[in-house]
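For reference, query_11.txt is printed below; it contains compact mmCIF, C-alpha atoms and all ligand atoms.
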```txt
# COMPACT_ATOMS: atom_id res chain seq x y z
CA MET O 1 60.43 126.83 116.95
CA ASN O 2 63.79 126.43 115.24
CA PHE O 3 65.31 128.83 117.70
CA LEU O 4 63.90 126.86 120.56
CA LEU O 5 65.30 123.64 119.14
CA ALA O 6 68.73 125.20 118.63
CA GLY O 7 68.62 126.45 122.19
CA VAL O 8 67.75 123.03 123.53
CA LEU O 9 70.51 121.37 121.51
CA LEU O 10 73.09 123.88 122.68
CA PHE O 11 72.02 123.31 126.25
CA ALA O 12 72.12 119.55 125.75
CA GLN O 13 75.72 119.80 124.51
CA VAL O 14 76.97 120.80 127.96
CA PRO O 15 77.10 117.49 129.82
CA GLN O 16 76.63 117.28 133.56
CA GLY O 17 79.91 117.38 135.41
CA SER O 18 81.02 117.33 139.01
CA VAL O 19 83.12 120.22 140.27
CA GLU O 20 84.67 118.04 142.96
CA ARG O 21 85.68 115.21 140.63
CA GLY O 22 86.75 117.74 138.01
CA GLN O 23 89.23 119.37 140.36
CA LYS O 24 90.86 115.95 140.95
CA VAL O 25 90.93 115.00 137.25
CA TYR O 26 92.30 118.43 136.35
CA GLN O 27 95.33 117.61 138.54
CA ALA O 28 95.54 113.90 137.71
CA LYS O 29 95.68 114.60 133.96
CA TRP O 30 98.21 117.40 134.42
CA CYS O 31 96.10 120.30 133.12
CA HIS O 32 97.35 122.26 136.13
CA SER O 33 101.00 121.85 135.14
CA CYS O 34 100.51 124.15 132.15
CA HIS O 35 97.35 126.11 133.02
CA GLY O 36 97.88 126.69 136.78
CA THR O 37 95.97 125.05 139.66
CA VAL O 38 93.03 127.46 139.38
CA GLY O 39 93.27 127.94 135.64
CA GLN O 40 95.11 131.20 136.06
CA GLY O 41 97.56 130.44 133.26
CA GLY O 42 100.98 128.84 133.42
CA GLU O 43 104.35 130.32 134.10
CA ARG O 44 106.56 131.32 131.19
CA GLY O 45 103.64 130.98 128.79
CA ALA O 46 103.20 127.22 129.42
CA GLY O 47 99.46 127.48 128.82
CA PRO O 48 96.90 130.30 128.58
CA LYS O 49 94.51 131.13 131.38
CA LEU O 50 91.32 129.02 131.37
CA ALA O 51 89.30 130.69 134.11
CA PRO O 52 87.30 132.68 135.03
CA ASN O 53 84.84 132.57 132.10
CA PRO O 54 86.15 129.56 130.15
CA PHE O 55 85.43 128.90 126.48
CA PRO O 56 81.93 127.53 125.79
CA TYR O 57 81.92 123.76 126.31
CA ALA O 58 82.04 122.83 122.60
CA ALA O 59 85.19 124.91 122.03
CA PHE O 60 86.74 123.75 125.30
CA ALA O 61 86.17 120.10 124.37
CA MET O 62 87.45 120.59 120.82
CA GLN O 63 90.68 122.20 122.04
CA THR O 64 91.23 119.36 124.54
CA ARG O 65 90.57 116.61 122.00
CA ARG O 66 92.27 118.30 119.03
CA PRO O 67 94.48 121.16 120.20
CA ARG O 68 95.07 123.90 117.71
CA ALA O 69 98.83 124.25 118.32
CA ASN O 70 101.24 123.07 121.04
CA MET O 71 99.02 121.54 123.70
CA PRO O 72 99.19 117.74 124.00
CA ARG O 73 96.15 115.93 122.59
CA TYR O 74 93.77 114.28 125.08
CA PRO O 75 91.98 111.45 123.24
CA ALA O 76 89.02 109.61 124.79
CA GLU O 77 91.19 106.62 125.77
CA PHE O 78 93.11 108.93 128.06
CA LEU O 79 90.37 111.32 129.16
CA SER O 80 86.78 110.11 129.05
CA ASP O 81 83.85 112.34 128.05
CA GLN O 82 82.70 112.27 131.66
CA GLU O 83 86.13 113.35 132.90
CA LEU O 84 86.18 116.17 130.37
CA ALA O 85 82.74 117.29 131.56
CA ASP O 86 83.97 117.15 135.16
CA ILE O 87 87.01 119.25 134.31
CA TYR O 88 84.75 121.76 132.57
CA ALA O 89 82.46 121.93 135.60
CA TYR O 90 85.49 122.62 137.79
CA VAL O 91 86.99 125.26 135.51
CA ALA O 92 83.59 126.95 135.08
CA SER O 93 83.16 127.07 138.87
CA ILE O 94 86.33 129.11 139.40
CA LYS O 95 85.46 132.67 140.36
CA ALA O 96 87.46 135.76 139.51
CA GLY O 97 89.82 136.85 142.28
CA PRO O 98 89.63 140.37 143.66
CA ALA O 99 91.23 143.14 141.62
CA ALA O 100 94.87 143.75 142.60
CA LYS O 101 93.91 147.19 143.94
CA ASP O 102 91.53 145.55 146.45
CA ILE O 103 94.02 143.09 148.00
CA PRO O 104 95.21 144.30 151.42
CA LEU O 105 98.86 143.34 151.08
CA LEU O 106 101.84 145.13 152.60
CA PHE O 107 105.06 145.00 150.58
CA VAL O 108 108.21 146.06 152.42
CA MET O 109 111.06 145.94 149.93
CA HIS O 110 114.48 144.88 151.16
CA ASN O 111 116.06 146.69 148.28
CA ASN O 112 119.83 146.23 147.91
CA ARG O 113 119.72 147.61 144.37
CA GLY O 114 121.57 144.75 142.82
CA TYR O 115 122.03 141.06 142.18
CA TYR O 116 125.02 140.93 144.50
CA GLN O 117 125.50 137.20 144.68
CA GLU O 118 126.01 137.37 140.93
CA VAL O 119 128.45 140.30 141.27
CA MET O 120 130.53 138.24 143.70
CA HIS O 121 130.34 135.19 141.46
CA LEU O 122 131.51 137.20 138.45
CA GLN O 123 134.36 138.71 140.46
CA ARG O 124 135.42 135.24 141.57
CA MET O 125 135.24 133.90 138.01
CA ALA O 126 137.09 136.93 136.60
CA SER O 127 140.00 136.46 138.99
CA LEU O 128 140.01 132.72 138.35
CA HIS O 129 140.40 133.40 134.61
CA LYS O 130 142.77 136.32 135.21
CA ARG O 131 140.37 138.92 133.77
CA ALA O 132 139.69 142.40 135.17
CA VAL O 133 137.16 142.27 138.02
CA ASP O 134 135.99 145.87 137.69
CA THR O 135 133.19 145.20 135.19
CA ALA O 136 131.41 142.65 137.39
CA TRP O 137 128.70 145.21 138.21
CA VAL O 138 127.46 145.45 134.59
CA GLY O 139 123.93 144.10 134.36
CA ASN O 140 123.95 143.19 138.05
CA VAL O 141 123.75 146.49 139.83
CA ILE O 142 120.46 148.40 139.78
CA ASP O 143 121.61 151.85 140.89
CA ARG O 144 122.83 153.55 137.72
CA PRO O 145 120.23 155.02 137.93
CA ALA O 146 118.40 153.43 140.87
CA VAL O 147 114.89 152.29 139.92
CA ASP O 148 112.19 154.19 141.80
CA PHE O 149 109.94 151.28 142.81
CA ALA O 150 107.48 153.51 144.66
CA LYS O 151 106.76 155.36 141.42
CA LEU O 152 106.41 152.06 139.55
CA ALA O 153 103.83 150.92 142.11
CA GLN O 154 102.03 154.26 141.99
CA ALA O 155 101.85 153.95 138.21
CA GLN O 156 99.79 150.78 138.80
CA GLY O 157 97.50 152.62 141.21
CA VAL O 158 99.16 151.22 144.35
CA TRP O 159 99.89 153.43 147.35
CA ALA O 160 103.67 153.57 147.83
CA GLU O 161 106.41 155.41 149.62
CA GLY O 162 110.15 155.47 149.21
CA PRO O 163 112.99 155.09 148.69
CA VAL O 164 113.46 155.13 152.48
CA SER O 165 117.15 155.24 153.33
CA ASN O 166 117.02 156.92 156.73
CA PRO O 167 116.15 154.40 159.50
CA ALA O 168 114.34 157.15 161.43
CA GLN O 169 111.83 157.45 158.59
CA LEU O 170 111.10 153.73 158.36
CA GLY O 171 108.69 153.36 161.29
CA PRO O 172 106.44 156.25 160.26
CA ALA O 173 106.47 155.07 156.62
CA ILE O 174 105.39 151.55 157.62
CA ALA O 175 102.69 153.00 159.89
CA ARG O 176 101.27 155.01 156.98
CA ALA O 177 101.41 151.95 154.73
CA LEU O 178 99.64 149.80 157.35
CA LYS O 179 96.83 152.31 157.51
CA VAL O 180 96.29 151.86 153.77
CA VAL O 181 96.42 148.05 154.10
CA LYS O 182 93.91 148.07 156.95
CA GLY O 183 91.67 150.10 154.65
CA GLY O 184 91.67 147.13 152.25
CA ALA O 185 94.27 148.13 149.64
CA PRO O 186 97.87 147.14 148.86
CA ALA O 187 100.81 149.35 149.87
CA LEU O 188 104.51 149.29 149.15
CA VAL O 189 107.44 150.75 151.07
CA ASP O 190 110.73 150.72 149.19
CA VAL O 191 113.46 150.37 151.85
CA VAL O 192 117.03 150.79 150.71
CA CYS O 193 119.40 148.51 152.58
CA GLN O 194 123.11 147.82 152.50
CA ALA O 195 124.30 146.47 149.18
CA ARG O 196 125.88 143.38 150.77
C1 LIG O 201 101.96 120.63 128.29
C2 LIG O 201 101.13 121.78 128.58
C3 LIG O 201 99.62 121.65 128.56
C4 LIG O 201 98.84 120.72 129.24
C5 LIG O 201 99.29 119.56 130.08
C6 LIG O 201 97.46 121.11 128.97
N1 LIG O 201 97.42 122.22 128.17
FE1 LIG O 201 95.74 123.17 127.51
N2 LIG O 201 96.88 124.49 126.43
C7 LIG O 201 98.26 124.46 126.38
C8 LIG O 201 98.70 125.42 125.37
C9 LIG O 201 100.16 125.72 125.01
C10 LIG O 201 97.54 126.03 124.85
C11 LIG O 201 97.46 127.09 123.72
C12 LIG O 201 96.85 126.48 122.46
C13 LIG O 201 97.63 125.29 121.90
O1 LIG O 201 98.88 125.27 121.96
O2 LIG O 201 96.98 124.35 121.39
C14 LIG O 201 96.42 125.43 125.56
C15 LIG O 201 95.09 125.80 125.37
C16 LIG O 201 94.02 125.26 126.06
C17 LIG O 201 92.66 125.72 125.95
C18 LIG O 201 92.19 126.90 125.11
C19 LIG O 201 92.35 128.16 125.94
C20 LIG O 201 92.83 129.35 125.17
O3 LIG O 201 92.60 130.49 125.63
O4 LIG O 201 93.47 129.18 124.13
C21 LIG O 201 91.89 124.90 126.73
C22 LIG O 201 90.38 125.00 126.93
C23 LIG O 201 92.78 123.95 127.35
N3 LIG O 201 94.06 124.19 126.93
C24 LIG O 201 92.36 122.95 128.21
C25 LIG O 201 93.23 122.00 128.79
C26 LIG O 201 92.78 120.91 129.60
C27 LIG O 201 91.34 120.65 130.00
C28 LIG O 201 93.91 120.19 129.95
C29 LIG O 201 93.99 118.90 130.76
C30 LIG O 201 93.07 117.83 130.38
C31 LIG O 201 95.05 120.84 129.34
N4 LIG O 201 94.59 121.93 128.63
C32 LIG O 201 96.35 120.42 129.46
C33 LIG O 201 99.10 123.67 127.12
C34 LIG O 201 98.72 122.59 127.90
```

Re-express the file's structure as structure tokens.
Ligand code: HEC
Amino acid sequence: MNFLLAGVLLFAQVPQGSVERGQKVYQAKWCHSCHGTVGQGGERGAGPKLAPNPFPYAAFAMQTRRPRANMPRYPAEFLSDQELADIYAYVASIKAGPAAKDIPLLFVMHNNRGYYQEVMHLQRMASLHKRAVDTAWVGNVIDRPAVDFAKLAQAQGVWAEGPVSNPAQLGPAIARALKVVKGGAPALVDVVCQAR
């Protein structure tokens, strides 16, 4: 009997919310600016991911009303109980995206192995200040050694080929990659191009 009562109370604590309204309030009250438009988490650690599988409602509401650390506080004058319930309904409705390995996406890297605009800027600044220009590559050139992006992708379970530096090999490499993409998986071709 007690268990039943506890169950009913717990159920009663999740108020009815509207997914549609919640999506609007989520934007209007700026949740998205830190947590991402689909609760995926914000850039540069602005806010943790909220969905899929958000906190239970009681914890979600407590964090919103009385955040545990850096999040701004949302008191009832600013966000009503109904709006909070709507936001929760929206966040709870967000489904998990497909796993990265199941996204048919073709990456063709235009890999110049450097941050060459920065190299040129540093050279310009060095001559302006009458310093040697020959160290401008430090930290800006990615070829000592060149990073093997195909191997990096393969390490994440992604089909990849490269580095391709011979134009004759490019067409066949892209054709092989497309076959993988059409099969429903991501593929990467690392194509080395002129530095600048
Ligand atoms: C200015 C950025 C910012 C905004 C705006 C913001 N949050 Fe947060 N949120 C955070 C940060 C940072 C945390 C991590 C805990 C903390 O600092 O309190 C957090 C944590 C949370 C958590 C707990 C999730 C976890 O895994 O820790 C929930 C739930 C949450 N926020 C909901 C919301 C809702 C709902 C809104 C809008 C009404 C909102 N937040 C607006 C920054 C933000």

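Here atom CA of O:Leu170 stands at a distance of 16.6 Å from atom CA of O:Asp148.
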
Judged by all atoms listed in the file, the minimum distance to ligand LIG 201 (chain O) among O:Pro67, O:Pro163, O:Gly114, O:Pro75 is found for O:Pro67

Extending 3 Å beyond the listed atoms of stretch 134-153 of chain O on each side, what axis-aligned box results? I want centre and edge lengths in Å to one decimal, as lines of an AutoDock Vina configuration file.
```
center_x = 119.9
center_y = 149.0
center_z = 139.5
size_x = 38.2
size_y = 18.7
size_z = 16.3
```

Worksheet entry | Cut-off 10 Å, only C-alpha atoms and all ligand atoms, neighbours of ligand LIG 201 (chain O) as a VMD selection string | chain O and resid 22 25 to 36 39 41 to 42 45 to 51 54 to 75 78 to 79 83 to 88 90 to 91

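Of the residues under consideration (O:His121, O:His129, O:Lys151, O:Arg44), O:Lys151 shows the shortest atom-to-atom contact distance to O:Ala187 when counting only C-alpha atoms.
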
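Taking atom CA of O:Gln16 and atom CA of O:Pro98 as endpoints, the distance between them is 28.4 Å.
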
When you look at O:Pro52 with a cut-off of 6 Å (counting only C-alpha atoms), what residues show up, excluding the ones that are within fewer than 2 positions of it in the same chain? I need them as a ChimeraX atom specification. /O:54,94-96

Atom CA of O:Tyr116 sits from atom CA of O:Glu161 at a separation of 24.1 Å

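For the point (88.8, 149.1, 153.2), the residues with an atom at a distance of at most 12 Å are Lys101, Asp102, Ile103, Pro104, Leu105, Leu178, Lys179, Val180, Val181, Lys182, Gly183, Gly184, Ala185 and Pro186 of chain O, counting all atoms listed in the file.
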
Self-check item: Answer as a PyMOL selection string, residues within 10 Å of (137.9, 143.2, 139.9) using only C-alpha atoms
Solution: chain O and resi 119-120+122-127+130-137
